[in-house]
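I have placed the structure first, in the form of structure tokens, so that the comments after it can refer back to it.
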Amino acid sequence: MKTVRSMILVSNDPESNARGSEKIFRAFQQQLREYGLMEEVSLSMVSDLGYSYASPFVLVYPEAVIYGPIKADDVPYIVEEHLYKGRIVEEKRAPAHELSGKVAWLSARKGTLPAQNRVVLKNVGIIDPESIDDYIANDGYQALGIALEKTPDEVISIIKNSGLQGRGGAGFPTGIKWGFVNKTYGDKKFVICNADESEPGTFKDRVVLEGDPHAILEAMSIAAYAVGADEGYIYIRGEYQLAIERVETAIKQAEEYGLLGENIFGSDFSFKIHVHVGAGAYICGEETALIESIEGKRGEPRSRPPYPTTNGLWGKPTLVNNVETLANIPAIIRNGADWYRALGTPSSPGTKVFTVLGNVNVTGLIEVPMGITLREVVSIYAKGMKSGSFKLAQTGGSSGSIIPASLQDTPMDFESYKRAGVSLGSGALLICNDEVCIVDLAKVLLNFFRVESCGKCTPCRIGTKRAYDILTGISQGEGTLEDLDELLSLNKEMLELSNCGLGQTAGTPLRDMLNYFRAEVEAHIRLGVCPTGVCPMSAS
Amino acid sequence: MPPVTINEEETILGVRRIVKRIGATRADLIPVLQAVTNEFGFISQPAMEELSALMNLPTKEIHSVATFYRMLSTQPRGRHVIQFCESAPCHVVGGREVFATLKQALALEPGQTSPDNKWTLLTTSCLGVCGMGPVILIDTDMYGNVTPEQVKEILSRYE
């Protein structure tokens, strides 16, 4: 995505349209061209800004100023004042009392909704990922230098104070995990970067590894120093060929520069990193399965406890962190815990990288502060639905949930989502329109778990298969209402009895489907029709 | 994808070369199996027996690891391996229709190899390029935003 200074959104709901929003849009286009601002300012039409007396509106980010109602004649003045000279045009701002619904709400959050604030993706797309010099010129390896001048305990307390939570999906506080490994006695410890990103719809880690590989090496080195490790592994999934090459190049360069290897920066800290290429198994994203896999075995999760923090790789204390988690580390060390805490929400500090996918106009990667809402993501970053209207979003992977339209305005952070009974997952947002059938979607999700279940424990191996078969039956018009009870009890059994996260969360789509879309499922059973016309159903 | 090799002697020499280059410890097993798959297209029974001797592991242990991972194969595959992403992000943007067309064009079901040994059709979980789904991977060539109409043309690029 191109970096822009400002973002202009022109309302284009039917009401605004009737009042000349197309004309306003064209006026902006012409003015931006005149001032030569086309490269710095993005301009787009958005729908779904809601009914209001003040339409048509224009929203300008990062200030989140709303101008409205405006006419095409007002545009030259707004562009000159606001975008060229940087002064807000007070007299054209929409009066607060005239704003209703979503827009009023957006307005209330003025200033908290910046254009993308990049921490994790700071260098991605800006530096040459194959040049260590480029990375160093952009503050690279500075954080490692700062960390080595502190004691490991000081480094850990910075990470603890920053409030950083694991970005792999579980959201465990990173500093606390580091503290566990640090406190465990061991003659040998390991740091592992989990880059086996296989959650469907998630590719943020790939982009970080491809675009800024040195950031991960630097973060791993800082982590190793903090926990007392001298050897590390990056477990990259085999499908990510380019990421593997870039990381291998980066390791070679860092070794040549003395930033990896013996006595880094002349200290007594030494650290070595190996790359382990995955052989294709979703379950290896689970940390103990990943460890088994590095040891040359089938990637079957171990029983926990003991946790890897005490008994990890080859039985040694091991720190396992996700790529995105690590990518936050250098910036936190450089700028301090308070700086990081100022981003995001109090309970979930920092930014989150999301992949936006599905039936929307713009798909791709965004990095936004924690606490943004789904509605904002869809209307601002994804530029609205491509066709149809918003039905649901599926948040990434096994730890994700199905988010119905009623939760569109729930802040996306670990805490708020947990309170709403759903989960943020790994950061994929699969936006589905009303042409998507809930039974069909659940079937695809369960098929994924069925295929990827490692088969070690029975609830998961049998449960995912049984649930898939039931959903297939429903989609063919052979479902019964008792099936729905069985799906719920399968979810419960998998949740309570499975050995690892895959089985424990495999039933989530079943639960969410019946929570939010039960009527649609029952239509398949009681009426024998698939309301969206997706499911084959039988001819009878 | 290299041609299917069943020349036992060549396989054994190849396996020895790979183990010498990568190593013979337990942790080397997966990289070794990846290298064998890449060089010979699959891990044959003779290859497994030779590995068993070189790495001091029971054949069943090697078989158990080799059959666990999706990118390792113990079965010969066709000259070109087509992997179709069947995960949800590709599915909801038209993957269903593309897959139906693909199966029809090849006259294959997932897991099958065509009688002329040209194609093997596999389904795969997410390939991590979901922004441009539906996605098809043929050998190492990635095709994104595929429509049913394009399937025939894409297939015609392969000999």
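Every chain in the structure tokens has a letter given in the order shown (A, B, ...), and although residue numbers restart at 1 in each chain, ligands are simply numbered from 1 in the order shown.
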Just the residues within 12 Å of region 493-496 of chain A, please, counting only C-alpha atoms, with nothing from its chain fewer than 5 positions along; format it as a ChimeraX atom specification. /A:398-399,449,453,457-467,486-488,501-508,510-511
Enumerate as a PDB file with N, CA and C atoms, in the first residue's frame the residues belonging to chain A that approach chain B to within 9 Å, with only C-alpha atoms taken into account.
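Written output follows (iface.pdb):
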```
ATOM      1  N   GLU A 197       3.471 -19.373   9.604  1.00  0.00           N
ATOM      2  CA  GLU A 197       2.171 -18.733   9.475  1.00  0.00           C
ATOM      3  C   GLU A 197       1.292 -19.528   8.514  1.00  0.00           C
ATOM      4  N   SER A 198       0.303 -20.227   9.051  1.00  0.00           N
ATOM      5  CA  SER A 198      -0.542 -21.033   8.163  1.00  0.00           C
ATOM      6  C   SER A 198      -2.014 -20.794   8.381  1.00  0.00           C
ATOM      7  N   GLU A 199      -2.362 -19.835   9.237  1.00  0.00           N
ATOM      8  CA  GLU A 199      -3.778 -19.563   9.445  1.00  0.00           C
ATOM      9  C   GLU A 199      -4.357 -19.068   8.130  1.00  0.00           C
ATOM     10  N   PRO A 200      -5.435 -19.685   7.649  1.00  0.00           N
ATOM     11  CA  PRO A 200      -5.984 -19.243   6.371  1.00  0.00           C
ATOM     12  C   PRO A 200      -6.294 -17.747   6.395  1.00  0.00           C
ATOM     13  N   GLY A 201      -5.829 -17.061   5.394  1.00  0.00           N
ATOM     14  CA  GLY A 201      -6.114 -15.635   5.294  1.00  0.00           C
ATOM     15  C   GLY A 201      -5.069 -14.759   5.942  1.00  0.00           C
ATOM     16  N   THR A 202      -4.088 -15.353   6.576  1.00  0.00           N
ATOM     17  CA  THR A 202      -3.087 -14.549   7.267  1.00  0.00           C
ATOM     18  C   THR A 202      -1.784 -14.580   6.477  1.00  0.00           C
ATOM     19  N   PHE A 203      -1.263 -13.396   6.156  1.00  0.00           N
ATOM     20  CA  PHE A 203       0.042 -13.400   5.503  1.00  0.00           C
ATOM     21  C   PHE A 203       0.896 -12.226   5.960  1.00  0.00           C
ATOM     22  N   LYS A 204       0.578 -11.701   7.146  1.00  0.00           N
ATOM     23  CA  LYS A 204       1.310 -10.558   7.674  1.00  0.00           C
ATOM     24  C   LYS A 204       2.777 -10.909   7.954  1.00  0.00           C
ATOM     25  N   ARG A 206       4.622 -13.157   6.530  1.00  0.00           N
ATOM     26  CA  ARG A 206       5.340 -13.281   5.265  1.00  0.00           C
ATOM     27  C   ARG A 206       5.814 -11.909   4.801  1.00  0.00           C
ATOM     28  N   GLY A 238       7.410 -23.820   4.489  1.00  0.00           N
ATOM     29  CA  GLY A 238       8.090 -24.126   3.230  1.00  0.00           C
ATOM     30  C   GLY A 238       7.530 -23.410   2.025  1.00  0.00           C
ATOM     31  N   GLU A 239       6.259 -22.990   2.115  1.00  0.00           N
ATOM     32  CA  GLU A 239       5.644 -22.318   0.974  1.00  0.00           C
ATOM     33  C   GLU A 239       6.193 -20.905   0.784  1.00  0.00           C
ATOM     34  N   TYR A 240       6.829 -20.350   1.820  1.00  0.00           N
ATOM     35  CA  TYR A 240       7.303 -18.965   1.753  1.00  0.00           C
ATOM     36  C   TYR A 240       8.726 -18.898   1.222  1.00  0.00           C
ATOM     37  N   HIS A 276      14.887 -23.077   9.876  1.00  0.00           N
ATOM     38  CA  HIS A 276      14.288 -24.388   9.641  1.00  0.00           C
ATOM     39  C   HIS A 276      13.107 -24.196   8.700  1.00  0.00           C
ATOM     40  N   VAL A 277      13.149 -24.911   7.575  1.00  0.00           N
ATOM     41  CA  VAL A 277      12.089 -24.758   6.588  1.00  0.00           C
ATOM     42  C   VAL A 277      11.010 -25.800   6.840  1.00  0.00           C
ATOM     43  N   GLY A 278       9.794 -25.363   7.038  1.00  0.00           N
ATOM     44  CA  GLY A 278       8.671 -26.269   7.296  1.00  0.00           C
ATOM     45  C   GLY A 278       8.377 -27.133   6.078  1.00  0.00           C
ATOM     46  N   ALA A 279       7.724 -28.273   6.326  1.00  0.00           N
ATOM     47  CA  ALA A 279       7.451 -29.200   5.227  1.00  0.00           C
ATOM     48  C   ALA A 279       5.956 -29.295   4.939  1.00  0.00           C
ATOM     49  N   GLY A 280       5.206 -28.314   5.412  1.00  0.00           N
ATOM     50  CA  GLY A 280       3.790 -28.290   5.075  1.00  0.00           C
ATOM     51  C   GLY A 280       2.926 -28.982   6.100  1.00  0.00           C
ATOM     52  N   ALA A 281       2.626 -28.309   7.184  1.00  0.00           N
ATOM     53  CA  ALA A 281       1.696 -28.833   8.182  1.00  0.00           C
ATOM     54  C   ALA A 281       1.243 -27.663   9.036  1.00  0.00           C
ATOM     55  N   TYR A 282      -0.053 -27.399   8.963  1.00  0.00           N
ATOM     56  CA  TYR A 282      -0.625 -26.274   9.710  1.00  0.00           C
ATOM     57  C   TYR A 282      -0.341 -26.399  11.197  1.00  0.00           C
ATOM     58  N   SER A 293       8.894 -30.709  15.375  1.00  0.00           N
ATOM     59  CA  SER A 293       9.261 -30.704  13.971  1.00  0.00           C
ATOM     60  C   SER A 293      10.729 -30.309  13.778  1.00  0.00           C
ATOM     61  N   ILE A 294      11.202 -29.337  14.542  1.00  0.00           N
ATOM     62  CA  ILE A 294      12.627 -28.975  14.446  1.00  0.00           C
ATOM     63  C   ILE A 294      13.486 -30.165  14.880  1.00  0.00           C
ATOM     64  N   GLU A 295      12.977 -30.951  15.829  1.00  0.00           N
ATOM     65  CA  GLU A 295      13.730 -32.114  16.297  1.00  0.00           C
ATOM     66  C   GLU A 295      13.695 -33.269  15.292  1.00  0.00           C
ATOM     67  N   GLY A 296      12.980 -33.080  14.180  1.00  0.00           N
ATOM     68  CA  GLY A 296      12.969 -34.094  13.134  1.00  0.00           C
ATOM     69  C   GLY A 296      11.855 -35.114  13.270  1.00  0.00           C
ATOM     70  N   LYS A 297      10.824 -34.766  14.005  1.00  0.00           N
ATOM     71  CA  LYS A 297       9.725 -35.718  14.221  1.00  0.00           C
ATOM     72  C   LYS A 297       8.442 -35.246  13.554  1.00  0.00           C
ATOM     73  N   ARG A 298       7.412 -36.074  13.662  1.00  0.00           N
ATOM     74  CA  ARG A 298       6.079 -35.652  13.225  1.00  0.00           C
ATOM     75  C   ARG A 298       5.665 -34.443  14.057  1.00  0.00           C
ATOM     76  N   GLY A 299       4.993 -33.516  13.425  1.00  0.00           N
ATOM     77  CA  GLY A 299       4.616 -32.305  14.155  1.00  0.00           C
ATOM     78  C   GLY A 299       3.370 -32.506  14.990  1.00  0.00           C
ATOM     79  N   THR A 355      -4.866  -8.576   7.826  1.00  0.00           N
ATOM     80  CA  THR A 355      -5.019  -8.804   6.398  1.00  0.00           C
ATOM     81  C   THR A 355      -6.507  -8.695   6.104  1.00  0.00           C
ATOM     82  N   VAL A 356      -6.842  -7.880   5.146  1.00  0.00           N
ATOM     83  CA  VAL A 356      -8.243  -7.634   4.812  1.00  0.00           C
ATOM     84  C   VAL A 356      -8.548  -8.352   3.501  1.00  0.00           C
ATOM     85  N   LEU A 357      -9.557  -9.215   3.540  1.00  0.00           N
ATOM     86  CA  LEU A 357      -9.821 -10.100   2.410  1.00  0.00           C
ATOM     87  C   LEU A 357     -11.299 -10.241   2.152  1.00  0.00           C
ATOM     88  N   GLY A 358     -11.624 -10.865   1.068  1.00  0.00           N
ATOM     89  CA  GLY A 358     -13.018 -11.218   0.802  1.00  0.00           C
ATOM     90  C   GLY A 358     -13.697 -10.278  -0.163  1.00  0.00           C
ATOM     91  N   ASN A 359     -14.995 -10.076   0.044  1.00  0.00           N
ATOM     92  CA  ASN A 359     -15.807  -9.339  -0.927  1.00  0.00           C
ATOM     93  C   ASN A 359     -15.726  -7.832  -0.713  1.00  0.00           C
ATOM     94  N   VAL A 362     -10.886  -3.235  -1.655  1.00  0.00           N
ATOM     95  CA  VAL A 362      -9.428  -3.263  -1.535  1.00  0.00           C
ATOM     96  C   VAL A 362      -9.026  -4.348  -0.552  1.00  0.00           C
ATOM     97  N   THR A 363      -8.279  -5.317  -1.015  1.00  0.00           N
ATOM     98  CA  THR A 363      -7.781  -6.346  -0.110  1.00  0.00           C
ATOM     99  C   THR A 363      -6.312  -6.059   0.144  1.00  0.00           C
ATOM    100  N   GLY A 364      -5.793  -6.575   1.230  1.00  0.00           N
ATOM    101  CA  GLY A 364      -4.378  -6.375   1.500  1.00  0.00           C
ATOM    102  C   GLY A 364      -4.110  -6.257   2.971  1.00  0.00           C
ATOM    103  N   LEU A 365      -3.003  -5.565   3.262  1.00  0.00           N
ATOM    104  CA  LEU A 365      -2.475  -5.551   4.605  1.00  0.00           C
ATOM    105  C   LEU A 365      -2.601  -4.149   5.182  1.00  0.00           C
ATOM    106  N   LEU A 430     -11.672 -11.818   7.059  1.00  0.00           N
ATOM    107  CA  LEU A 430     -12.313 -12.267   5.835  1.00  0.00           C
ATOM    108  C   LEU A 430     -13.721 -11.690   5.827  1.00  0.00           C
ATOM    109  N   ILE A 431     -13.923 -10.683   4.982  1.00  0.00           N
ATOM    110  CA  ILE A 431     -15.194  -9.973   4.959  1.00  0.00           C
ATOM    111  C   ILE A 431     -16.116 -10.650   3.957  1.00  0.00           C
ATOM    112  N   CYS A 432     -17.257 -11.083   4.426  1.00  0.00           N
ATOM    113  CA  CYS A 432     -18.176 -11.809   3.545  1.00  0.00           C
ATOM    114  C   CYS A 432     -19.453 -11.016   3.329  1.00  0.00           C
ATOM    115  N   GLU A 435     -23.962 -12.912  -0.075  1.00  0.00           N
ATOM    116  CA  GLU A 435     -24.055 -14.056  -0.981  1.00  0.00           C
ATOM    117  C   GLU A 435     -23.361 -15.280  -0.394  1.00  0.00           C
ATOM    118  N   VAL A 436     -22.731 -15.097   0.757  1.00  0.00           N
ATOM    119  CA  VAL A 436     -22.024 -16.214   1.380  1.00  0.00           C
ATOM    120  C   VAL A 436     -22.992 -16.970   2.289  1.00  0.00           C
ATOM    121  N   LEU A 441     -19.776 -21.853   4.501  1.00  0.00           N
ATOM    122  CA  LEU A 441     -18.558 -21.306   5.093  1.00  0.00           C
ATOM    123  C   LEU A 441     -18.072 -22.192   6.245  1.00  0.00           C
ATOM    124  N   ALA A 442     -18.992 -22.573   7.115  1.00  0.00           N
ATOM    125  CA  ALA A 442     -18.618 -23.428   8.247  1.00  0.00           C
ATOM    126  C   ALA A 442     -18.062 -24.758   7.744  1.00  0.00           C
ATOM    127  N   VAL A 444     -16.418 -25.279   4.930  1.00  0.00           N
ATOM    128  CA  VAL A 444     -15.054 -25.065   4.454  1.00  0.00           C
ATOM    129  C   VAL A 444     -14.084 -24.954   5.637  1.00  0.00           C
ATOM    130  N   LEU A 445     -14.517 -24.239   6.684  1.00  0.00           N
ATOM    131  CA  LEU A 445     -13.646 -24.066   7.847  1.00  0.00           C
ATOM    132  C   LEU A 445     -13.403 -25.405   8.546  1.00  0.00           C
ATOM    133  N   ASN A 447     -13.647 -28.317   7.183  1.00  0.00           N
ATOM    134  CA  ASN A 447     -12.844 -29.169   6.307  1.00  0.00           C
ATOM    135  C   ASN A 447     -11.367 -28.887   6.524  1.00  0.00           C
ATOM    136  N   PHE A 448     -11.055 -27.616   6.701  1.00  0.00           N
ATOM    137  CA  PHE A 448      -9.669 -27.232   6.961  1.00  0.00           C
ATOM    138  C   PHE A 448      -9.153 -27.936   8.220  1.00  0.00           C
ATOM    139  N   VAL A 451      -8.708 -31.698   7.725  1.00  0.00           N
ATOM    140  CA  VAL A 451      -7.520 -32.048   6.967  1.00  0.00           C
ATOM    141  C   VAL A 451      -6.258 -31.821   7.797  1.00  0.00           C
ATOM    142  N   GLU A 452      -6.245 -30.735   8.547  1.00  0.00           N
ATOM    143  CA  GLU A 452      -5.011 -30.354   9.238  1.00  0.00           C
ATOM    144  C   GLU A 452      -4.880 -30.951  10.637  1.00  0.00           C
ATOM    145  N   CYS A 454      -3.795 -33.258  13.390  1.00  0.00           N
ATOM    146  CA  CYS A 454      -2.658 -34.171  13.298  1.00  0.00           C
ATOM    147  C   CYS A 454      -3.055 -35.596  13.622  1.00  0.00           C
TER     148      CYS A 454
END
```
For Glu159 (chain B), work out the shell of residues within 9 Å, counting only C-alpha atoms and skipping chain neighbours fewer than 6 positions away, then give it as a PyMOL selection string. chain B and resi 79-80+118
List as number ranges by chain the protein and nucleic acid residues near Ala195 (chain A), meaning an atom at most 7 Å away when only C-alpha atoms are counted, but skip any in the same chain fewer than 5 places from it. A: 205, 234-237, 322-323
Based on the selection just made, write N, CA, C and O atoms of those residues as a compact mmCIF listing (two decimals), in the first residue's frame.
```txt
# COMPACT_ATOMS: atom_id res chain seq x y z
N ASP A 205 3.01 -12.10 8.50
CA ASP A 205 4.37 -12.48 8.84
C ASP A 205 5.24 -12.63 7.58
O ASP A 205 6.41 -12.29 7.58
N ILE A 234 14.59 -19.88 13.25
CA ILE A 234 13.40 -19.30 12.63
C ILE A 234 12.73 -20.43 11.87
O ILE A 234 13.34 -21.02 10.98
N TYR A 235 11.52 -20.75 12.27
CA TYR A 235 10.79 -21.83 11.60
C TYR A 235 9.88 -21.20 10.57
O TYR A 235 8.84 -20.63 10.89
N ILE A 236 10.29 -21.25 9.31
CA ILE A 236 9.51 -20.61 8.24
C ILE A 236 8.78 -21.68 7.44
O ILE A 236 9.38 -22.68 7.06
N ARG A 237 7.52 -21.45 7.16
CA ARG A 237 6.80 -22.48 6.39
C ARG A 237 7.39 -22.59 4.98
O ARG A 237 7.82 -21.62 4.37
N ASN A 322 6.01 -15.19 17.98
CA ASN A 322 5.55 -15.01 16.61
C ASN A 322 6.31 -13.86 15.93
O ASN A 322 6.84 -12.98 16.60
N VAL A 323 6.33 -13.88 14.61
CA VAL A 323 7.05 -12.86 13.83
C VAL A 323 6.57 -11.44 14.17
O VAL A 323 7.37 -10.54 14.45
```
Within region 335-376 of chain A, find each residue whose DSSP state, derived from the backbone, is alpha helix (DSSP H), and express the selection as a list in words.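 The residues of region 335-376 of chain A classed as alpha helix (DSSP H) are Asn335, Ala337, Asp338, Trp339, Tyr340, Arg341, Leu374, Arg375 and Glu376 of chain A.
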Taking 6 positions as the minimum chain separation for residues in the same chain, which residues sit within 9 Å of region 14-20 of chain B when counting only C-alpha atoms? Answer as a VMD selection string. chain B and resid 28 to 29 32 35 to 36 39 to 40 47 to 48 50 to 51 54 to 55
Can you write just those residues out, all heavy atoms, as a short mmCIF file (atom, residue, chain, number, x, y, z; two decimals), in the first residue's frame?
```cif
data_model
loop_
_atom_site.label_atom_id
_atom_site.label_comp_id
_atom_site.auth_asym_id
_atom_site.auth_seq_id
_atom_site.Cartn_x
_atom_site.Cartn_y
_atom_site.Cartn_z
N ASP B 28 18.22 -33.60 11.20
CA ASP B 28 18.42 -33.43 9.75
C ASP B 28 17.38 -34.17 8.93
O ASP B 28 17.31 -34.00 7.71
CB ASP B 28 19.81 -33.93 9.35
CG ASP B 28 20.92 -33.11 9.99
OD1 ASP B 28 20.79 -31.87 10.00
OD2 ASP B 28 21.89 -33.70 10.50
N LEU B 29 16.57 -35.00 9.59
CA LEU B 29 15.67 -35.88 8.83
C LEU B 29 14.73 -35.12 7.89
O LEU B 29 14.61 -35.46 6.72
CB LEU B 29 14.86 -36.77 9.79
CG LEU B 29 13.87 -37.72 9.12
CD1 LEU B 29 14.58 -38.67 8.15
CD2 LEU B 29 13.09 -38.51 10.16
N VAL B 32 16.47 -33.53 4.95
CA VAL B 32 16.89 -34.59 4.03
C VAL B 32 15.70 -35.08 3.21
O VAL B 32 15.79 -35.21 1.98
CB VAL B 32 17.55 -35.77 4.81
CG1 VAL B 32 17.63 -37.01 3.94
CG2 VAL B 32 18.93 -35.37 5.32
N ALA B 35 14.85 -32.62 0.58
CA ALA B 35 15.80 -32.67 -0.54
C ALA B 35 15.53 -33.87 -1.43
O ALA B 35 15.59 -33.78 -2.66
CB ALA B 35 17.23 -32.70 -0.01
N VAL B 36 15.21 -35.02 -0.82
CA VAL B 36 14.92 -36.22 -1.62
C VAL B 36 13.66 -35.99 -2.47
O VAL B 36 13.64 -36.30 -3.66
CB VAL B 36 14.74 -37.46 -0.70
CG1 VAL B 36 14.27 -38.67 -1.51
CG2 VAL B 36 16.05 -37.78 0.02
N GLU B 39 14.51 -33.74 -5.37
CA GLU B 39 15.35 -34.31 -6.42
C GLU B 39 14.66 -35.43 -7.19
O GLU B 39 14.78 -35.51 -8.41
CB GLU B 39 16.66 -34.82 -5.80
CG GLU B 39 17.68 -35.15 -6.88
CD GLU B 39 19.09 -35.28 -6.33
OE1 GLU B 39 19.39 -34.66 -5.28
OE2 GLU B 39 19.88 -36.01 -6.95
N PHE B 40 13.90 -36.26 -6.48
CA PHE B 40 13.33 -37.43 -7.16
C PHE B 40 11.81 -37.36 -7.35
O PHE B 40 11.22 -38.27 -7.91
CB PHE B 40 13.69 -38.70 -6.38
CG PHE B 40 15.17 -38.93 -6.29
CD1 PHE B 40 15.86 -38.64 -5.13
CD2 PHE B 40 15.88 -39.41 -7.39
CE1 PHE B 40 17.23 -38.83 -5.05
CE2 PHE B 40 17.25 -39.60 -7.32
CZ PHE B 40 17.93 -39.31 -6.14
N ALA B 47 14.61 -45.54 -1.24
CA ALA B 47 15.19 -44.34 -0.63
C ALA B 47 15.04 -44.40 0.88
O ALA B 47 15.97 -44.09 1.64
CB ALA B 47 14.53 -43.09 -1.19
N MET B 48 13.85 -44.81 1.32
CA MET B 48 13.60 -44.88 2.77
C MET B 48 14.50 -45.91 3.43
O MET B 48 15.02 -45.68 4.52
CB MET B 48 12.13 -45.20 3.03
CG MET B 48 11.31 -43.93 3.25
SD MET B 48 9.65 -44.28 3.76
CE MET B 48 8.80 -44.22 2.23
N GLU B 50 17.46 -46.89 2.43
CA GLU B 50 18.82 -46.38 2.47
C GLU B 50 18.96 -45.34 3.58
O GLU B 50 19.94 -45.34 4.33
CB GLU B 50 19.18 -45.76 1.10
CG GLU B 50 20.60 -45.26 0.97
CD GLU B 50 21.66 -46.35 1.12
OE1 GLU B 50 21.31 -47.54 0.96
OE2 GLU B 50 22.82 -46.02 1.44
N LEU B 51 17.95 -44.47 3.71
CA LEU B 51 17.98 -43.46 4.78
C LEU B 51 18.00 -44.13 6.15
O LEU B 51 18.68 -43.67 7.07
CB LEU B 51 16.75 -42.55 4.69
CG LEU B 51 16.76 -41.49 3.59
CD1 LEU B 51 15.43 -40.75 3.54
CD2 LEU B 51 17.89 -40.49 3.82
N LEU B 54 21.53 -45.14 6.77
CA LEU B 54 22.46 -44.01 6.93
C LEU B 54 22.20 -43.21 8.20
O LEU B 54 23.12 -42.71 8.84
CB LEU B 54 22.34 -43.07 5.72
CG LEU B 54 22.81 -43.59 4.37
CD1 LEU B 54 22.42 -42.61 3.27
CD2 LEU B 54 24.31 -43.81 4.37
N MET B 55 20.91 -43.08 8.56
CA MET B 55 20.57 -42.20 9.68
C MET B 55 20.29 -42.99 10.95
O MET B 55 19.93 -42.41 11.97
CB MET B 55 19.38 -41.31 9.32
CG MET B 55 19.64 -40.49 8.06
SD MET B 55 18.33 -39.30 7.68
CE MET B 55 18.84 -37.90 8.66
#
```
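For region 81-83 of chain B, the set of protein, DNA and RNA residues having any atom at most 8 Å away, when counting only C-alpha atoms and skipping those fewer than 3 positions along the same chain, is Met1, Arg77, Gly78, Trp119, Thr120, Leu121, Leu122, Thr123, Thr124, Ile136, Leu137, Ile138 and Asp139 of chain B.
Non-sequential neighbours of Val360 (chain A) (distance at most 7 Å, separation of 6 or more positions within a chain, only C-alpha atoms) are Ala382, Gly384, Met385, Lys386 and Ile431 of chain A.
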